[in-house]
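Structure record follows, encoded as structure tokens.
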Amino acid sequence: MQSEEIRKRFLSFFEKRGHIVIPSASLVPENDSSVLFNTAGMQPLVPYLMGYPHPQGKRLVNVQKCVRTQDIEEVGDKTHDTFFEMLGNWSLGDYFKDDAIKWSFELLTSKEEGFGLDPNRLYITVFGGNDDAPKDQESFDIWKKYMPENRIYFLTWNGKKEPNWWDAGENGPCGPDTEMFYDTTPEGLGDMTKEEYLAADDRQDVVEIWNDVFMEYEKRDGKVVGKLQQKNVDTGSGLERITMAIQGKDNIFDTDLFSSAIKVLSNVPSPDIRSLRIIADHIRTSVFMIADGVVPSNTDRGYVLRRLLRRAYVHARKVDAETETLNTVAEVIIENPSYKGLYNFGQETRSVVMNEIEKFKITLESGLKQVEKGADPFTLFTSYGFPFELTEEIANEKGVVLDRTKFEQEMKRHQELSRAGGQKKFKGGLAGHGEMEVKYHTATHLLHGALREVLGKEVFQKGSNITSERLRFDFSFTRKMTEEERSKVEELVNEKIRESLPVTYQDLPLEEAQKLGAIGLFEEKYGDKVRVYRIGDFSLELCGGPHVESTGVLGKFKIVKEEAVSTGVRRIKAVLE
Ligand SMILES: [Zn+2]
């Protein structure tokens with residue numbers, strides 16, 4: 001069964017059961033500025049899941065385009081990708097667990113109407129209970145009508161992740177879910193104990209192919225406070241994974257969703273399978289983003305797109321692919337029969353892809369010179385997106401051996417910082433601080449750091465004034481900056497923006513902050529705690545905030561003026577473009 005048939009069968013299965021087919025929303029969320037892309041089929045439906053009546057009724061079904069890039073490093077294994085289509089059906093205060101579970105089972109296993117999967121390869125998990133809510137006995141009992149009891153597992157907190165529970169944060173609907181897994185091994189795993197099943201899950205021998213979320217509880221301030229008036233069902237499945245199960249493949253790249261792109265790529269001189277998958281995935285995601293109006297840039301969505309295209313090119317270079325091959329990959333993906341929009345703008349989409357790649361080739365050449373000069377592989381990763389393997393390969397040609405352990409330690413630290421940066425919301429709130437002001441303020445930290453690096457450690461901040469149009473930064477220095485110094489400072493700030501460094505803070509005793517080398521006005525008394533903001537390894541400064549969470553959103557930094565204010569004090573005016 002081809003993926004196009006899978007989409008059609010899915011939609012008509014639920015249409016026959018009273019659901020209205022709604023079109024996929026754009027990848028770019030319309031009214032939600034908290035996320036860059038739609039990451040799940042339910043996302044555009046959140047207002048309706050919260051109780052707002054949907055104009056099309058209480059039973060909905062669709063195939064939604066989604067982008068998730070959190071797991072970008074995992075792409076190339078069996079199941080991870082950055083663009084995917086999500087099949088989903090919803091009950092907004094209508095049917096509940098009985099019908100949802102029955103239909104999930106029928107859809108997956110029915111040869112006539114559904115996907116015709118082998119029920120002997122199915123495994124079911126249900127919510128095992130915790131402090132918030134009791135175990136979901138009801139779902140377990142319903143499942144027993146369709147599945148042998150020993151293939152249904154109650155899952156509880158196992159020290160890694162909270163299984164089988166869904167919520168949207170501290171407030172709002174939440175509830176247990178039931179997940180369906182499929183055995184993709186050639187011989188079949190047969191009956192398994194819970195422990196054996198969990199081990200099979202770790203090995204990716206079973207993959208999640210369907211998920212029914214039952215929104216029946218309400219959370220307030222992080223606590224479950226009772227049952228909801230309107231109970232909803234939200235189901236979902238990644239088309240790529242279900243297609244893999246239906247087509248009997250053990251990875252998504254062997255399905256017809258990817259196979260034409262992989263085929264084009266398999267003719268390259270050094271066809272490393274992981275790189276081929278990364279190229280196919282990233283080009284695919286890029287063309288869908290471009291078709292939905294995203295253009296490459298240094299901020300937000302444009303930056304995600306830029307990273308994907310750069311990474312695709314780096315891997316293309318690794319497998320010795322011609323640049324033109326990437327154009328062909330984009331072309332075969334654009335020929336997707338399910339997305340007429342992609343096809344109609346195919347020519348324009350391909351020029352955006354190829355222009356960006358041609359531009360990056362030039363950046364890459366300067367990056368390669370850095371490798372030859374022996375630059376640190378971690379810096380190359382953060383500034384040029386060079387995978388360690390690529391840097392290592394080029395270094396090896398020069399007879400240089402790189403320290404992988406050190407690289408991995410730095411990566412781990414980088415990821416921990418990013419995570420911390422992502423979690424910490426500015427406590428004081430952003431009221432009274434516009435988005436641009438916050439960006440400009442964060443940019444002054446980078447400017448301060450860059451000035452100290454280019455002009456010397458005698459440079460200190462003397463004053464700062466910010467509007468939504470520009471920043472103004474006064475600092476101690478005795479003479480006019482040269483043209484060269486100006487452009488060096490500018491370039492250094494822009495480099496740190498491109499590195500997308502996490503901005504994090506810590507509250508430390510004053511003495512400790514000083515010991516760490518934090519800069520800023522130390523007005524506190526000894527023993528006081530001070531707040532120290534860190535931007536990657538580049539800047540450590542006493543400050544109260546607010547700041548952006550990652551420098552990647554700042555845009556292009558440009559100095560427009562450098563002048564004297566008084567003896568020994570200079571002033572810079574700069575803008576973000
Ligand atoms: Zn600050």
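Ligands are numbered from 1 in the order shown, chains are lettered A, B, ... in the order of the structure tokens, and residues start at 1 in each chain.
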Next item on the list: Could you give me, as a list in words, every polymer residue with an atom at most 8 Å away from an atom of ligand 1, counting only C-alpha atoms and all ligand atoms?
Entry: His441, Thr442, Thr444, His445, Tyr533, Glu541, Leu542, Cys543, Gly544, Gly545, Pro546 and His547 of chain A
Prev. selection, N, CA and C atoms, output as a PDB file, in the first residue's frame:
ATOM      1  N   HIS A 441      18.849  44.847  24.085  1.00  0.00           N
ATOM      2  CA  HIS A 441      19.541  44.720  25.359  1.00  0.00           C
ATOM      3  C   HIS A 441      20.504  43.528  25.343  1.00  0.00           C
ATOM      4  N   THR A 442      20.016  42.397  24.831  1.00  0.00           N
ATOM      5  CA  THR A 442      20.883  41.213  24.766  1.00  0.00           C
ATOM      6  C   THR A 442      22.094  41.487  23.874  1.00  0.00           C
ATOM      7  N   THR A 444      23.650  44.205  23.563  1.00  0.00           N
ATOM      8  CA  THR A 444      24.688  45.008  24.236  1.00  0.00           C
ATOM      9  C   THR A 444      25.675  44.112  24.988  1.00  0.00           C
ATOM     10  N   HIS A 445      25.188  42.967  25.491  1.00  0.00           N
ATOM     11  CA  HIS A 445      26.120  42.034  26.150  1.00  0.00           C
ATOM     12  C   HIS A 445      27.160  41.539  25.137  1.00  0.00           C
ATOM     13  N   TYR A 533      24.396  36.770  34.047  1.00  0.00           N
ATOM     14  CA  TYR A 533      23.952  36.227  32.766  1.00  0.00           C
ATOM     15  C   TYR A 533      25.134  35.726  31.964  1.00  0.00           C
ATOM     16  N   GLU A 541      28.115  38.362  32.623  1.00  0.00           N
ATOM     17  CA  GLU A 541      27.897  39.746  33.020  1.00  0.00           C
ATOM     18  C   GLU A 541      26.799  39.862  34.067  1.00  0.00           C
ATOM     19  N   LEU A 542      27.030  40.706  35.061  1.00  0.00           N
ATOM     20  CA  LEU A 542      26.005  40.992  36.053  1.00  0.00           C
ATOM     21  C   LEU A 542      24.878  41.757  35.380  1.00  0.00           C
ATOM     22  N   CYS A 543      23.652  41.321  35.580  1.00  0.00           N
ATOM     23  CA  CYS A 543      22.555  42.025  34.923  1.00  0.00           C
ATOM     24  C   CYS A 543      21.226  41.559  35.480  1.00  0.00           C
ATOM     25  N   GLY A 544      20.185  42.373  35.291  1.00  0.00           N
ATOM     26  CA  GLY A 544      18.855  42.006  35.762  1.00  0.00           C
ATOM     27  C   GLY A 544      17.935  41.514  34.674  1.00  0.00           C
ATOM     28  N   GLY A 545      18.351  41.656  33.424  1.00  0.00           N
ATOM     29  CA  GLY A 545      17.511  41.188  32.317  1.00  0.00           C
ATOM     30  C   GLY A 545      16.484  42.215  31.917  1.00  0.00           C
ATOM     31  N   PRO A 546      15.530  41.903  31.045  1.00  0.00           N
ATOM     32  CA  PRO A 546      15.331  40.611  30.387  1.00  0.00           C
ATOM     33  C   PRO A 546      16.182  40.430  29.126  1.00  0.00           C
ATOM     34  N   HIS A 547      16.297  39.177  28.722  1.00  0.00           N
ATOM     35  CA  HIS A 547      17.107  38.816  27.562  1.00  0.00           C
ATOM     36  C   HIS A 547      16.381  37.804  26.701  1.00  0.00           C
TER      37      HIS A 547
END
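Residues surrounding Thr285 (chain A) within 9 Å are Val67, Asp81, Thr82, Phe83, Phe84, Ala280, Asp281, His282, Phe288, Met289, Ile290, Leu305 and Leu308 of chain A [only C-alpha atoms; sequence separation below 3 positions excluded].
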Mind dumping the selected residues with C-alpha atoms as a short mmCIF file (atom, residue, chain, number, x, y, z; two decimals), in the first residue's frame?
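Full text of out26.cif as output:
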data_model
loop_
_atom_site.label_atom_id
_atom_site.label_comp_id
_atom_site.auth_asym_id
_atom_site.auth_seq_id
_atom_site.Cartn_x
_atom_site.Cartn_y
_atom_site.Cartn_z
CA VAL A 67 7.95 20.26 11.62
CA ASP A 81 12.74 13.04 10.69
CA THR A 82 12.20 16.80 10.87
CA PHE A 83 9.13 17.07 8.62
CA PHE A 84 6.26 14.66 9.02
CA ALA A 280 16.80 13.60 1.97
CA ASP A 281 15.12 14.62 5.21
CA HIS A 282 16.50 18.16 5.34
CA PHE A 288 7.74 22.23 2.54
CA MET A 289 8.81 25.25 4.63
CA ILE A 290 9.55 27.33 1.54
CA LEU A 305 15.44 26.67 7.33
CA LEU A 308 18.63 22.59 7.49
#
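CA of Thr567 (chain A) lies 21.2 Å from CA of Leu471 (chain A).
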Checklist line | DSSP helix (DSSP H, G or I) residues within region 102-225 of chain A, listed as a PyMOL selection string | finding: chain A and resi 102-109+119-121+137-143+149-151+194-202
For the selection you just gave me, I'd like the residues written to a file as a PDB file, in the first residue's frame, keeping C-alpha atoms.
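Generated file (out16.pdb):
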ATOM      1  CA  LYS A 102     -12.488   0.248  18.767  1.00  0.00           C
ATOM      2  CA  TRP A 103     -11.849   2.440  15.716  1.00  0.00           C
ATOM      3  CA  SER A 104      -8.103   2.605  16.307  1.00  0.00           C
ATOM      4  CA  PHE A 105      -7.976  -1.198  16.349  1.00  0.00           C
ATOM      5  CA  GLU A 106     -10.205  -1.540  13.272  1.00  0.00           C
ATOM      6  CA  LEU A 107      -8.302   1.085  11.302  1.00  0.00           C
ATOM      7  CA  LEU A 108      -4.973  -0.580  12.034  1.00  0.00           C
ATOM      8  CA  THR A 109      -6.047  -4.163  11.354  1.00  0.00           C
ATOM      9  CA  PRO A 119      -2.741  -7.958  15.015  1.00  0.00           C
ATOM     10  CA  ASN A 120      -0.140 -10.505  16.200  1.00  0.00           C
ATOM     11  CA  ARG A 121       2.480  -7.779  15.892  1.00  0.00           C
ATOM     12  CA  GLN A 137      -8.507   0.585  34.054  1.00  0.00           C
ATOM     13  CA  GLU A 138     -11.290   1.602  31.679  1.00  0.00           C
ATOM     14  CA  SER A 139      -9.018   1.657  28.615  1.00  0.00           C
ATOM     15  CA  PHE A 140      -7.405  -1.608  29.708  1.00  0.00           C
ATOM     16  CA  ASP A 141     -10.824  -3.299  29.913  1.00  0.00           C
ATOM     17  CA  ILE A 142     -11.886  -1.984  26.509  1.00  0.00           C
ATOM     18  CA  TRP A 143      -8.651  -3.186  24.937  1.00  0.00           C
ATOM     19  CA  GLU A 149      -4.435  -9.373  28.052  1.00  0.00           C
ATOM     20  CA  ASN A 150      -0.707 -10.169  28.129  1.00  0.00           C
ATOM     21  CA  ARG A 151      -0.097  -7.732  25.252  1.00  0.00           C
ATOM     22  CA  LYS A 194       6.562  -6.025  30.217  1.00  0.00           C
ATOM     23  CA  GLU A 195      10.343  -5.993  30.761  1.00  0.00           C
ATOM     24  CA  GLU A 196      10.975  -7.671  27.409  1.00  0.00           C
ATOM     25  CA  TYR A 197       8.603  -5.263  25.743  1.00  0.00           C
ATOM     26  CA  LEU A 198      10.393  -2.225  27.250  1.00  0.00           C
ATOM     27  CA  ALA A 199      13.732  -3.578  26.041  1.00  0.00           C
ATOM     28  CA  ALA A 200      12.303  -4.077  22.531  1.00  0.00           C
ATOM     29  CA  ASP A 201      11.096  -0.471  22.625  1.00  0.00           C
ATOM     30  CA  ASP A 202      14.615   0.715  23.531  1.00  0.00           C
TER      31      ASP A 202
END
Among the residues of region 224-378 of chain A, find those DSSP assigns to strand (DSSP E) from the backbone and print them as a compact mmCIF listing (two decimals) with C-alpha atoms, in the first residue's frame.
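Final output, saved to selection-v2.txt:
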# COMPACT_ATOMS: atom_id res chain seq x y z
CA VAL A 224 -5.16 17.77 38.66
CA VAL A 225 -8.29 19.29 40.21
CA GLY A 226 -11.07 17.15 38.75
CA LYS A 227 -12.86 15.90 35.67
CA LEU A 228 -13.63 18.04 32.63
CA GLN A 229 -17.16 18.97 31.53
CA GLN A 230 -16.26 18.36 27.89
CA LYS A 231 -14.21 15.21 27.38
CA ASN A 232 -12.16 15.11 24.18
CA VAL A 233 -10.36 12.48 22.19
CA ASP A 234 -7.21 13.47 20.31
CA THR A 235 -5.58 10.71 18.30
CA GLY A 236 -2.53 10.78 16.15
CA SER A 237 -0.01 8.91 14.16
CA GLY A 238 3.02 9.90 12.13
Next item on the list: Compile the contact shell of Leu60 (chain A) as a ChimeraX atom specification: residues with an atom at most 12 Å away, counting only C-alpha atoms, same-chain residues fewer than 4 positions apart removed.
Entry: /A:11-24,41-42,45,48-49,54-56,87-95,232-235
Margin query: Which residues are close to Asp507 (chain A), i.e. within 8 Å by only C-alpha atoms, leaving aside same-chain residues fewer than 5 positions away? Reply as a PyMOL selection string.
Written below: chain A and resi 529-532
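Take the candidates A:Ile242, A:Val352, A:Met1, A:Ala316 and check each one against Ser286 (chain A) using only C-alpha atoms; the shortest distance goes to A:Val352.
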